[in-house]
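Asker: Pasting in a structure now, in structure tokens, and then I'll have a few things to ask.
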Amino acid sequence: MLLGISILFFFYILGEFVVHFLASPIPGSVAGMLLLFTFLLFWGKAPKGLITTSENLLLYLPLLLVPAGVGVMQYFELLKEEAIAIICALLIGTSLSMILIALFTRSFFKLKKPSRVENND
Amino acid sequence: MTNISDWVQANAAVSLFITLSCYYLCLSLYKRFNHLAILQPVMVSIIVIISVLTFIEIPYQTYFQHNYPIHFLLGPATVALAIPLYKNKDRIKELAIPLCLAVIIGGSMAVFISILIAWGLGASNEVLLSLAPKSVTTPIALSISDSIGAIPSLTAAFVLITGVVGAVFAEPLFRLIGEEDDGIKGMAIGITAHGVGTAKALEISPQCGAFSALSMGLTGAYTALVLPYAIAILRSQNILP
């Protein structure tokens with residue numbers, strides 16, 4: 001548990017550091033995630049403590065989003081003014097993307113090994 | 001009412017309790033209704049908490065300050081997303097080319113289509129920027145939003161609604177285009193509707209869920225790597241302020 005949380009914080013800090021040092025607009029936490037992923041690939045195995053800590057933390061990930069999400073209460077005016085654009089972007093945009101991505105992926109999978117997909121799980 | 005408000009504002013524990021208890025109740029409600037997408041617990045608890053804060057007259061700044069310990073854990077939790085990706089490393093390797101193509105083209109389309117619609121209907125720059133990361137898993141979307149100078153709270157709302165729309169419409173849309181392959185369904189759901197969609201994909205089948213979770217993680221990483229640079233380029237060309 002302690003080892004796991006220390007590793008997570010280490011890579012979080014490393015990510016923030018790299019991003020800051022390279023003056024990159026990539027979010028530090030995502031850089032940390034990619035660095036940890038790369039590290040694990042090279043290391044070849046993940047410490048058990050890291051896996052349990054991460055999985056327990058991810059179990060509560062939705063809760064961690066709530067405080068930031070409540071902040072939308074400050075923008076009700078803006079939302080009301082641009083309601084139509086926002087609703088259309090969210091409803092039509094999301095549906096249209098989903099259809100196009102499915103059609104695109106389907107055409108691609110037909111070209112490439114379609115049998116491979118069936119075997120998973 | 002002001003007395004209660006003053007007292008709450010002096011006690012951080014109350015704000016924390018509001019978050020924890022509301023989320024717990026909304027999560028129970030969601031489970032009770034068999035994971036009905038429209039009752040997405042984060043979205044519903046945000047609505048409930050906003051009502052509570054408005055009723056007892058607590059300004060958001062105070063609430064957020066008190067809840068900072070919860071918010072702070074988002075950083076290490078985002079790093080922890082490396083674990084599910086690592087656990088699927090064999091599947092990623094095996095399907096590297098179709099997965100990457102779907103994520104790169106699909107992830108870009110998801111950003112582009114919504115922005116184009118909102119822009120065509122006259123949305124402001126703040127809203128356009130906040131919409132950009134809407135198909136990405138919420139923790140990554142929040143940090144992208146922050147780093148491109150959008151409004152993270154707006155992004156959070158857009159991301160959640162996108163997820164719910166994706167989860168509710170996925171099956172009818174797939175029926176419309178006659179899609180039957182669970183792998184393809186999973187990829188389309190994961191790329192457009194992130195974690196909320198993945199919950200739905202898991203109900204369709206474990207295979208659909210696995211593909212959705214995988215595409216969700218890769219789309220998050222891809223968007224976080226590319227979108228901030230794309231915005232920076234648009235800014236340097238004076239297309240965006």
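Simple scheme: letters A, B, ... for chains in structure tokens order, numbers from 1 for residues in each chain, numbers from 1 for ligands in the order shown.
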What's around stretch 138-155 of chain B at 7 Å? Count only C-alpha atoms, leave out sequence neighbours fewer than 4 positions away in its own chain, and write the answer as a ChimeraX atom specification.
Answerer: /A:25,27,30,65,68-69,71-72 /B:74,78,126,129-131,133-134,159,220,224,228,231
Asker: Skip B:Ala199 itself and residues of its chain fewer than 4 positions away, then list as a PyMOL selection string all residues within 9 Å of it, counting only C-alpha atoms.
Answerer: chain B and resi 35+37+167+194-195+203+209+212-213
Asker: Would you mind exporting the chosen residues as a PDB file, in the first residue's frame, restricted to C-alpha atoms?
Answerer:
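To be explicit, this is the file written out as out-v1.pdb:
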ATOM      1  CA  HIS B  35     -26.860   0.799 -13.633  1.00  0.00           C
ATOM      2  CA  ALA B  37     -27.081   5.230 -17.650  1.00  0.00           C
ATOM      3  CA  ALA B 167     -24.217   5.007 -23.167  1.00  0.00           C
ATOM      4  CA  HIS B 194     -14.995   6.986 -22.171  1.00  0.00           C
ATOM      5  CA  GLY B 195     -15.678   5.420 -18.748  1.00  0.00           C
ATOM      6  CA  GLU B 203     -23.248  -4.913 -20.095  1.00  0.00           C
ATOM      7  CA  GLY B 209     -16.182  -3.924 -22.311  1.00  0.00           C
ATOM      8  CA  SER B 212     -14.021  -0.147 -24.742  1.00  0.00           C
ATOM      9  CA  ALA B 213     -11.736   0.162 -21.693  1.00  0.00           C
TER      10      ALA B 213
END
Asker: Quick one: distance from atom CA of B:Phe158 to atom CA of A:Ile86 in Å, one decimal?
Answerer: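 Pair atom CA of B:Phe158 / atom CA of A:Ile86 returns 8.4 Å.
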Asker: Expressed in Å to a single decimal, how great is the separation between atom CA of B:Leu16 and atom CA of A:Thr52?
Answerer: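 Interatomic distance here is 25.3 Å.
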Asker: I need the residues in stretch 101-186 of chain B that are alpha helix (DSSP H) according to DSSP; give them as a PyMOL selection string.
Answerer: chain B and resi 101-120+125-131+138-147+152-176+182-186
Asker: Enumerate, in order of chain and increasing residue number, the residues of chain A with an atom no farther than 7 Å from chain B, each with its shortest atom pair and distance in Å to one decimal, counting only C-alpha atoms, as a tab-separated table.
Answerer:
residue	atom	partner	partner_atom	distance
A:Leu8	CA	B:Pro76	CA	5.5
A:Phe9	CA	B:Pro76	CA	5.8
A:Tyr12	CA	B:Pro76	CA	5.9
A:Pro25	CA	B:Pro228	CA	5.5
A:Ile26	CA	B:Leu225	CA	5.8
A:Pro27	CA	B:Ser143	CA	5.6
A:Ser29	CA	B:Gly75	CA	5.5
A:Val30	CA	B:Val79	CA	6.5
A:Gly32	CA	B:Val79	CA	5.5
A:Met33	CA	B:Val79	CA	4.0
A:Leu34	CA	B:Ala82	CA	6.7
A:Leu36	CA	B:Ala82	CA	6.3
A:Phe37	CA	B:Ala82	CA	5.0
A:Ile51	CA	B:Ile83	CA	6.6
A:Ser54	CA	B:Ala80	CA	5.0
A:Leu57	CA	B:Ala77	CA	6.2
A:Leu58	CA	B:Ala77	CA	6.2
A:Leu61	CA	B:Ala77	CA	6.7
A:Pro62	CA	B:Val42	CA	6.2
A:Leu63	CA	B:Tyr23	CA	6.7
A:Leu64	CA	B:His71	CA	5.5
A:Leu65	CA	B:His71	CA	6.9
A:Val66	CA	B:Ile46	CA	6.2
A:Pro67	CA	B:Phe64	CA	6.0
A:Ala68	CA	B:Ser153	CA	5.6
A:Gly69	CA	B:Ser153	CA	5.2
A:Val70	CA	B:Ile46	CA	5.2
A:Gly71	CA	B:Ser153	CA	5.0
A:Val72	CA	B:Ser153	CA	5.0
A:Met73	CA	B:Ile50	CA	6.5
A:Glu82	CA	B:Ala123	CA	6.0
A:Ala85	CA	B:Ala118	CA	4.7
A:Ile86	CA	B:Ala118	CA	6.2
A:Cys88	CA	B:Ile117	CA	7.0
A:Ala89	CA	B:Ser114	CA	4.6
A:Leu90	CA	B:Thr162	CA	5.8
A:Leu91	CA	B:Val165	CA	6.5
A:Gly93	CA	B:Ser114	CA	4.5
A:Thr94	CA	B:Thr162	CA	6.4
A:Ser95	CA	B:Gly166	CA	6.8
A:Ser97	CA	B:Ala110	CA	5.3
A:Met98	CA	B:Ala188	CA	5.4
A:Ile99	CA	B:Leu173	CA	6.7
A:Ile101	CA	B:Gly106	CA	5.4
A:Ala102	CA	B:Ala188	CA	5.3
A:Thr105	CA	B:Ala102	CA	6.0
A:Arg106	CA	B:Ile184	CA	6.5
A:Val117	CA	B:Gly183	CA	6.3
A:Asn120	CA	B:Gln207	CA	6.4
A:Asp121	CA	B:Gln207	CA	5.7
Asker: Determine the nearest neighbour of A:Val18 from the options A:Leu35, A:Ser6, A:Phe76, A:Leu96, counting only C-alpha atoms.
Answerer: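 Comparing A:Leu35, A:Ser6, A:Phe76, A:Leu96 against A:Val18, the winner is A:Leu35.
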Asker: What does the distance between atom CA of B:Ala132 and atom CA of A:His20 come to in Å, to one decimal place?
Answerer: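 Pair atom CA of B:Ala132 / atom CA of A:His20 returns 22.8 Å.
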